Structures are given as structure tokens and as C-alpha cells.
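A.B. asks: Input structure: work-v5.cif, which contains mmCIF, C-alpha atoms.
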```cif
data_input
#
loop_
_atom_site.label_atom_id
_atom_site.label_comp_id
_atom_site.auth_asym_id
_atom_site.auth_seq_id
_atom_site.Cartn_x
_atom_site.Cartn_y
_atom_site.Cartn_z
CA MET I 1 151.20 121.50 135.87
CA THR I 2 150.27 118.47 133.82
CA THR I 3 146.78 117.09 134.19
CA GLY I 4 147.18 113.89 132.23
CA LEU I 5 144.12 114.87 130.22
CA PRO I 6 144.15 114.38 126.46
CA SER I 7 144.32 117.38 124.12
CA GLN I 8 141.32 118.69 122.25
CA MET I 9 142.52 116.96 119.07
CA GLN I 10 143.09 113.66 120.89
CA VAL I 11 139.53 113.73 122.23
CA ILE I 12 138.12 114.44 118.75
CA GLU I 13 140.18 111.61 117.23
CA LEU I 14 139.23 109.19 120.02
CA LEU I 15 135.48 109.94 120.06
CA GLY I 16 134.81 111.04 116.47
CA GLU I 17 133.98 107.63 115.00
CA GLU I 18 131.74 106.66 117.93
CA PHE I 19 129.75 109.89 117.61
CA ALA I 20 129.57 109.52 113.80
CA ARG I 21 128.12 106.00 114.17
CA ALA I 22 125.35 107.53 116.25
CA GLY I 23 124.73 110.19 113.58
CA TYR I 24 126.48 113.11 115.27
CA GLU I 25 129.56 115.16 114.65
CA ILE I 26 131.80 116.71 117.29
CA GLU I 27 131.58 120.48 116.85
CA ASP I 28 133.96 121.41 119.65
CA VAL I 29 135.84 120.09 122.66
CA VAL I 30 136.61 122.35 125.62
CA ILE I 31 139.05 121.16 128.24
CA ASP I 32 139.05 123.17 131.46
CA THR I 33 141.97 122.17 133.67
CA ARG I 34 141.27 124.99 136.16
CA ALA I 35 138.00 123.42 137.25
CA GLY I 36 138.13 121.04 140.17
CA PRO I 37 137.95 118.28 139.06
CA PRO I 38 139.04 119.15 135.49
CA ARG I 39 136.24 119.18 132.90
CA ILE I 40 136.08 117.80 129.35
CA ALA I 41 133.09 119.24 127.46
CA VAL I 42 132.17 117.65 124.12
CA ILE I 43 129.74 119.65 121.99
CA ALA I 44 128.01 117.53 119.33
CA ASP I 45 125.44 118.24 116.65
CA GLY I 46 123.63 116.30 113.97
CA ASP I 47 120.70 116.43 111.61
CA THR I 48 118.59 114.92 114.41
CA ALA I 49 118.46 116.96 117.61
CA LEU I 50 120.24 115.51 120.61
CA ASP I 51 117.78 114.26 123.22
CA LEU I 52 118.55 113.22 126.79
CA ASP I 53 118.69 109.49 125.97
CA THR I 54 121.16 110.07 123.15
CA ILE I 55 123.29 112.37 125.32
CA ALA I 56 123.36 109.69 128.03
CA ALA I 57 124.38 106.98 125.54
CA LEU I 58 127.09 109.17 123.99
CA SER I 59 128.33 110.11 127.46
CA ARG I 60 128.65 106.44 128.46
CA SER I 61 130.54 105.59 125.26
CA ALA I 62 132.80 108.62 125.56
CA SER I 63 133.51 107.91 129.21
CA THR I 64 134.48 104.30 128.45
CA LEU I 65 136.83 105.39 125.67
CA LEU I 66 138.40 108.19 127.72
CA ASP I 67 138.79 105.99 130.81
CA GLY I 68 140.70 103.52 128.61
CA LEU I 69 143.47 106.05 128.02
CA ASP I 70 146.58 105.34 130.08
CA SER I 71 147.42 109.05 130.24
CA ILE I 72 144.37 109.96 132.37
CA GLN I 73 145.26 109.28 135.97
CA ASP I 74 143.14 111.84 137.79
CA ARG I 75 139.41 112.32 138.07
CA TYR I 76 137.63 114.47 135.49
CA VAL I 77 134.08 115.49 134.67
CA LEU I 78 132.76 114.66 131.21
CA GLU I 79 129.97 116.75 129.74
CA VAL I 80 128.31 115.94 126.39
CA SER I 81 125.90 118.56 125.07
CA SER I 82 124.50 120.25 121.99
CA PRO I 83 125.71 123.67 120.86
CA GLY I 84 122.66 125.44 122.28
CA VAL I 85 120.67 128.32 120.87
CA GLU I 86 123.34 130.93 121.52
CA ARG I 87 125.60 129.47 118.83
CA PRO I 88 125.49 131.57 115.68
CA LEU I 89 124.53 129.76 112.48
CA THR I 90 127.57 130.04 110.23
CA SER I 91 127.42 127.21 107.71
CA GLU I 92 124.98 125.35 105.47
CA LYS I 93 124.82 122.43 107.92
CA HIS I 94 123.86 124.77 110.78
CA PHE I 95 120.91 126.12 108.76
CA ARG I 96 119.93 122.61 107.66
CA ARG I 97 119.90 121.49 111.28
CA ALA I 98 117.91 124.58 112.34
CA ARG I 99 115.05 123.83 109.93
CA GLY I 100 111.76 124.81 111.54
CA ARG I 101 113.46 127.14 114.06
CA LYS I 102 112.89 130.88 114.21
CA VAL I 103 116.02 132.92 113.43
CA GLU I 104 117.08 136.53 113.27
CA LEU I 105 119.33 137.38 110.32
CA THR I 106 121.51 140.36 109.60
CA LEU I 107 122.03 140.64 105.86
CA SER I 108 124.98 142.09 103.96
CA ASP I 109 123.01 145.28 103.18
CA GLY I 110 122.61 145.87 106.95
CA SER I 111 118.93 144.95 107.06
CA GLN I 112 117.54 142.53 109.62
CA LEU I 113 115.04 139.81 108.95
CA THR I 114 113.25 137.44 111.30
CA GLY I 115 111.71 134.24 110.03
CA ARG I 116 111.54 130.47 110.26
CA VAL I 117 114.21 128.38 108.53
CA GLY I 118 112.86 126.20 105.78
CA GLU I 119 114.67 124.01 103.30
CA THR I 120 118.37 124.54 102.68
CA ARG I 121 119.36 123.97 99.07
CA GLY I 122 123.09 124.23 98.41
CA ASP I 123 124.02 127.83 99.07
CA THR I 124 120.47 129.15 99.66
CA ILE I 125 117.99 128.88 102.51
CA ALA I 126 114.23 129.27 102.36
CA LEU I 127 113.03 131.63 105.08
CA VAL I 128 109.35 131.80 106.04
CA VAL I 129 108.58 135.45 106.80
CA ARG I 130 105.53 137.44 107.71
CA GLU I 131 104.46 139.96 105.05
CA ASP I 132 101.48 141.92 106.35
CA ARG I 133 98.79 139.26 106.95
CA ASP I 134 100.41 136.68 104.68
CA TRP I 135 103.25 134.20 105.06
CA ALA I 136 105.82 134.11 102.29
CA VAL I 137 108.92 132.05 101.60
CA ARG I 138 111.99 134.07 100.67
CA GLU I 139 115.09 132.51 99.17
CA ILE I 140 118.18 133.93 100.89
CA PRO I 141 121.70 133.19 99.57
CA LEU I 142 124.00 132.17 102.43
CA VAL I 143 126.67 134.65 101.25
CA GLU I 144 124.24 137.50 102.02
CA ILE I 145 123.84 136.40 105.66
CA MET I 146 126.31 138.22 107.89
CA LYS I 147 124.85 137.00 111.19
CA ALA I 148 122.20 134.44 112.11
CA VAL I 149 121.01 133.53 115.59
CA VAL I 150 118.22 131.16 116.64
CA GLN I 151 115.51 132.90 118.62
CA VAL I 152 114.03 131.43 121.78
CA GLU I 153 110.28 131.02 121.40
CA PHE I 154 107.81 130.98 124.25
CA SER I 155 104.68 130.28 122.24
CA ALA I 156 103.84 127.85 119.48
CA PRO I 157 104.19 129.16 115.93
CA ALA I 158 101.26 129.32 113.52
CA GLN I 159 100.56 125.94 111.92
CA VAL I 160 100.81 127.34 108.38
CA GLU I 161 104.19 128.90 109.20
CA LEU I 162 105.51 125.54 110.42
CA GLU I 163 104.12 123.75 107.38
CA LEU I 164 105.87 126.18 105.04
CA ALA I 165 109.15 125.70 106.90
CA THR I 166 109.01 121.92 107.16
CA MET I 167 107.35 121.09 103.85
CA GLY I 168 109.49 123.49 101.85
CA ARG I 169 106.51 124.72 99.85
CA ALA I 170 107.29 128.13 98.39
CA ARG I 171 103.89 129.74 98.34
CA ARG I 172 102.08 132.69 99.83
CA THR I 173 99.17 132.11 102.13
CA GLU I 174 96.82 134.27 104.18
CA ALA I 175 97.28 134.18 107.92
CA GLY I 176 95.05 131.59 109.50
CA ALA I 177 94.42 129.81 106.21
#
```
Could I get this structure in the form of C-alpha cells?

C.D. replies:
Amino acid sequence: MTTGLPSQMQVIELLGEEFARAGYEIEDVVIDTRAGPPRIAVIADGDTALDLDTIAALSRSASTLLDGLDSIQDRYVLEVSSPGVERPLTSEKHFRRARGRKVELTLSDGSQLTGRVGETRGDTIALVVREDRDWAVREIPLVEIMKAVVQVEFSAPAQVELELATMGRARRTEAGA
């Protein structure tokens, strides 16, 4: 059964420049023809987090461009969203975009480390970690990270921890200082 919907690659080619102008890149397109009506999901990410106003603007632009295709004859649902916290961090840009977020890492030696992502420099990330009562910044080469997942936080982080992550200052400090 043909749906008249564009392919994943056609959607990326059609919408890519519009999203890039807004400062975002299309990470994935999922087309679900089994849904009623069929669904086109566009997952976008950028160095600035997607907010509701930006999602609405991108959705309007994408809808206009998709509706202009002669091949789409049936109704469809368009969904524009960010990758969400469940997406694993797998590249330098993912870590750069996760700056200030708490992550859990599995390293190549099998150890696990939880900390807040700081500055990403080339092939290394700064990770703010708790060492006893102090905060420290550890430099972690990306090649040593086997798995990285953003952690959902229900309480605000310590101010000094956030400062270390966002300012990129590699220093040790006592908790509460």
C-alpha cells in the first residue's frame, strides 16, 4: 500500500535547510505509515535547547514545506521534537549540547562514573564529579566512554557544581564553598 508520504531522506532534504537556518540539525526522521493517520516525526537538536516556541515555529515551517509536496495526498500528523533524555550520548556534539547536564558514563575499563558535563574540547570532555566533600573536574577522553546517558534530576544541583560545569574552570573546591 502506498501512502504518498515522502521517504526519510526526502524529508531530511526538504526540511534540512529550514532547520539549519533556525540553528538546528535534523537528527532523525521516523515515518509511521501504520498509524492512523500516518505520522512523520522529525527529531531535531542544536546547541540551544529546543523550547516550545521554537518547536511550534519549526512545525509550521515543516508543515508548509511538506504540504507543498504533490506526492502527499492523504492526511498525516507531523511531530517535531528533541531527542529526549533517553537518547545515549554518542558523539562530541551530543556532549557539547549536554553541557551542564548530569550524566552516567560507562568507561572502557568497565567502571561507571556519574557527573555533570562541562566543556567539550575536541576529543575530551570535562566531567564535574564528587570526590568525598569536594568537587573536581576530570578530563575524560571520548574514546574511553562506552556508554553515556543523561540522568533525570528532581532537585537542583549545587551552585558550585553548576559553575564548574558551565564555566569550564578545572579546579577543586570544598562542598558548599

A.B. asks: Which polymer residues have any atom within 10 Å of an atom of Leu65 (chain I), counting all atoms listed in the file, with same-chain residues fewer than 6 positions away left out, as a CSV table (one decimal) with C-alpha atoms, in the frame of the given file?

C.D. replies:
```
chain,number,residue,atom,x,y,z
I,11,VAL,CA,139.5,113.7,122.2
I,14,LEU,CA,139.2,109.2,120.0
I,15,LEU,CA,135.5,109.9,120.1
I,18,GLU,CA,131.7,106.7,117.9
I,59,SER,CA,128.3,110.1,127.5
```

A.B. asks: Starting from the PyMOL selection byres ((chain I and resi 101) around 12), expand the selection into actual residues of this file and give them as a ChimeraX atom specification.

C.D. replies: /I:49,85,89,94-100,102-104,114-119,126-128,148-153,156-157,161-166

A.B. asks: Write the residues you've just listed into a file as an mmCIF file, in the coordinates of the input, and include C-alpha atoms for each of them.

C.D. replies:
```cif
data_model
loop_
_atom_site.group_PDB
_atom_site.id
_atom_site.type_symbol
_atom_site.label_atom_id
_atom_site.label_comp_id
_atom_site.auth_asym_id
_atom_site.auth_seq_id
_atom_site.Cartn_x
_atom_site.Cartn_y
_atom_site.Cartn_z
ATOM 1 C CA ALA I 49 118.460 116.960 117.610
ATOM 2 C CA VAL I 85 120.670 128.320 120.870
ATOM 3 C CA LEU I 89 124.530 129.760 112.480
ATOM 4 C CA HIS I 94 123.860 124.770 110.780
ATOM 5 C CA PHE I 95 120.910 126.120 108.760
ATOM 6 C CA ARG I 96 119.930 122.610 107.660
ATOM 7 C CA ARG I 97 119.900 121.490 111.280
ATOM 8 C CA ALA I 98 117.910 124.580 112.340
ATOM 9 C CA ARG I 99 115.050 123.830 109.930
ATOM 10 C CA GLY I 100 111.760 124.810 111.540
ATOM 11 C CA LYS I 102 112.890 130.880 114.210
ATOM 12 C CA VAL I 103 116.020 132.920 113.430
ATOM 13 C CA GLU I 104 117.080 136.530 113.270
ATOM 14 C CA THR I 114 113.250 137.440 111.300
ATOM 15 C CA GLY I 115 111.710 134.240 110.030
ATOM 16 C CA ARG I 116 111.540 130.470 110.260
ATOM 17 C CA VAL I 117 114.210 128.380 108.530
ATOM 18 C CA GLY I 118 112.860 126.200 105.780
ATOM 19 C CA GLU I 119 114.670 124.010 103.300
ATOM 20 C CA ALA I 126 114.230 129.270 102.360
ATOM 21 C CA LEU I 127 113.030 131.630 105.080
ATOM 22 C CA VAL I 128 109.350 131.800 106.040
ATOM 23 C CA ALA I 148 122.200 134.440 112.110
ATOM 24 C CA VAL I 149 121.010 133.530 115.590
ATOM 25 C CA VAL I 150 118.220 131.160 116.640
ATOM 26 C CA GLN I 151 115.510 132.900 118.620
ATOM 27 C CA VAL I 152 114.030 131.430 121.780
ATOM 28 C CA GLU I 153 110.280 131.020 121.400
ATOM 29 C CA ALA I 156 103.840 127.850 119.480
ATOM 30 C CA PRO I 157 104.190 129.160 115.930
ATOM 31 C CA GLU I 161 104.190 128.900 109.200
ATOM 32 C CA LEU I 162 105.510 125.540 110.420
ATOM 33 C CA GLU I 163 104.120 123.750 107.380
ATOM 34 C CA LEU I 164 105.870 126.180 105.040
ATOM 35 C CA ALA I 165 109.150 125.700 106.900
ATOM 36 C CA THR I 166 109.010 121.920 107.160
#
```

A.B. asks: Could you please determine the separation between CA of Val80 (chain I) and CA of Val42 (chain I) in Å, to one decimal place?

C.D. replies: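 Between these atoms lies a distance of 4.8 Å.
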
A.B. asks: Please, what distance in Å, to one decimal, runs between CA of Thr54 (chain I) and CA of Glu25 (chain I)?

C.D. replies: 13.0 Å

A.B. asks: Could you write out as a ChimeraX atom specification the residues that the PyMOL selection byres ((chain I and resi 22) around 12) matches in the shown file?

C.D. replies: /I:15-21,23-26,44-50,53-55,57-59,61-62

A.B. asks: Given the file shown, determine the residues that the PyMOL selection byres ((chain I and resi 31) around 9) selects; report them as a list in words.

C.D. replies: Leu5, Pro6, Ser7, Gln8, Val29, Val30, Asp32, Thr33, Pro38, Arg39, Ile40, Ala41 and Val42 of chain I

A.B. asks: Using all atoms listed in the file, which of I:Met167, I:Ala158, I:Ile12, I:Ile43 sits nearest Val137 (chain I)?

C.D. replies: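 Of the candidates, the smallest distance to Val137 (chain I) is held by I:Met167.
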
A.B. asks: In Å, how far is it from CA of Pro88 (chain I) to CA of Ser108 (chain I)?

C.D. replies: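 Going from CA of Pro88 (chain I) over to CA of Ser108 (chain I) covers 15.8 Å.
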
A.B. asks: Given only C-alpha atoms as the basis, pick out the residue of I:Trp135, I:Val77, I:Asp70, I:Thr90 nearest to Leu105 (chain I).

C.D. replies: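 Of I:Trp135, I:Val77, I:Asp70, I:Thr90, the one nearest Leu105 (chain I), counting only C-alpha atoms, is I:Thr90.
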
A.B. asks: Tell me which of I:Val129, I:Thr106, I:Leu142, I:Gly36 sits closest to Tyr76 (chain I), counting all atoms listed in the file.

C.D. replies: I:Gly36
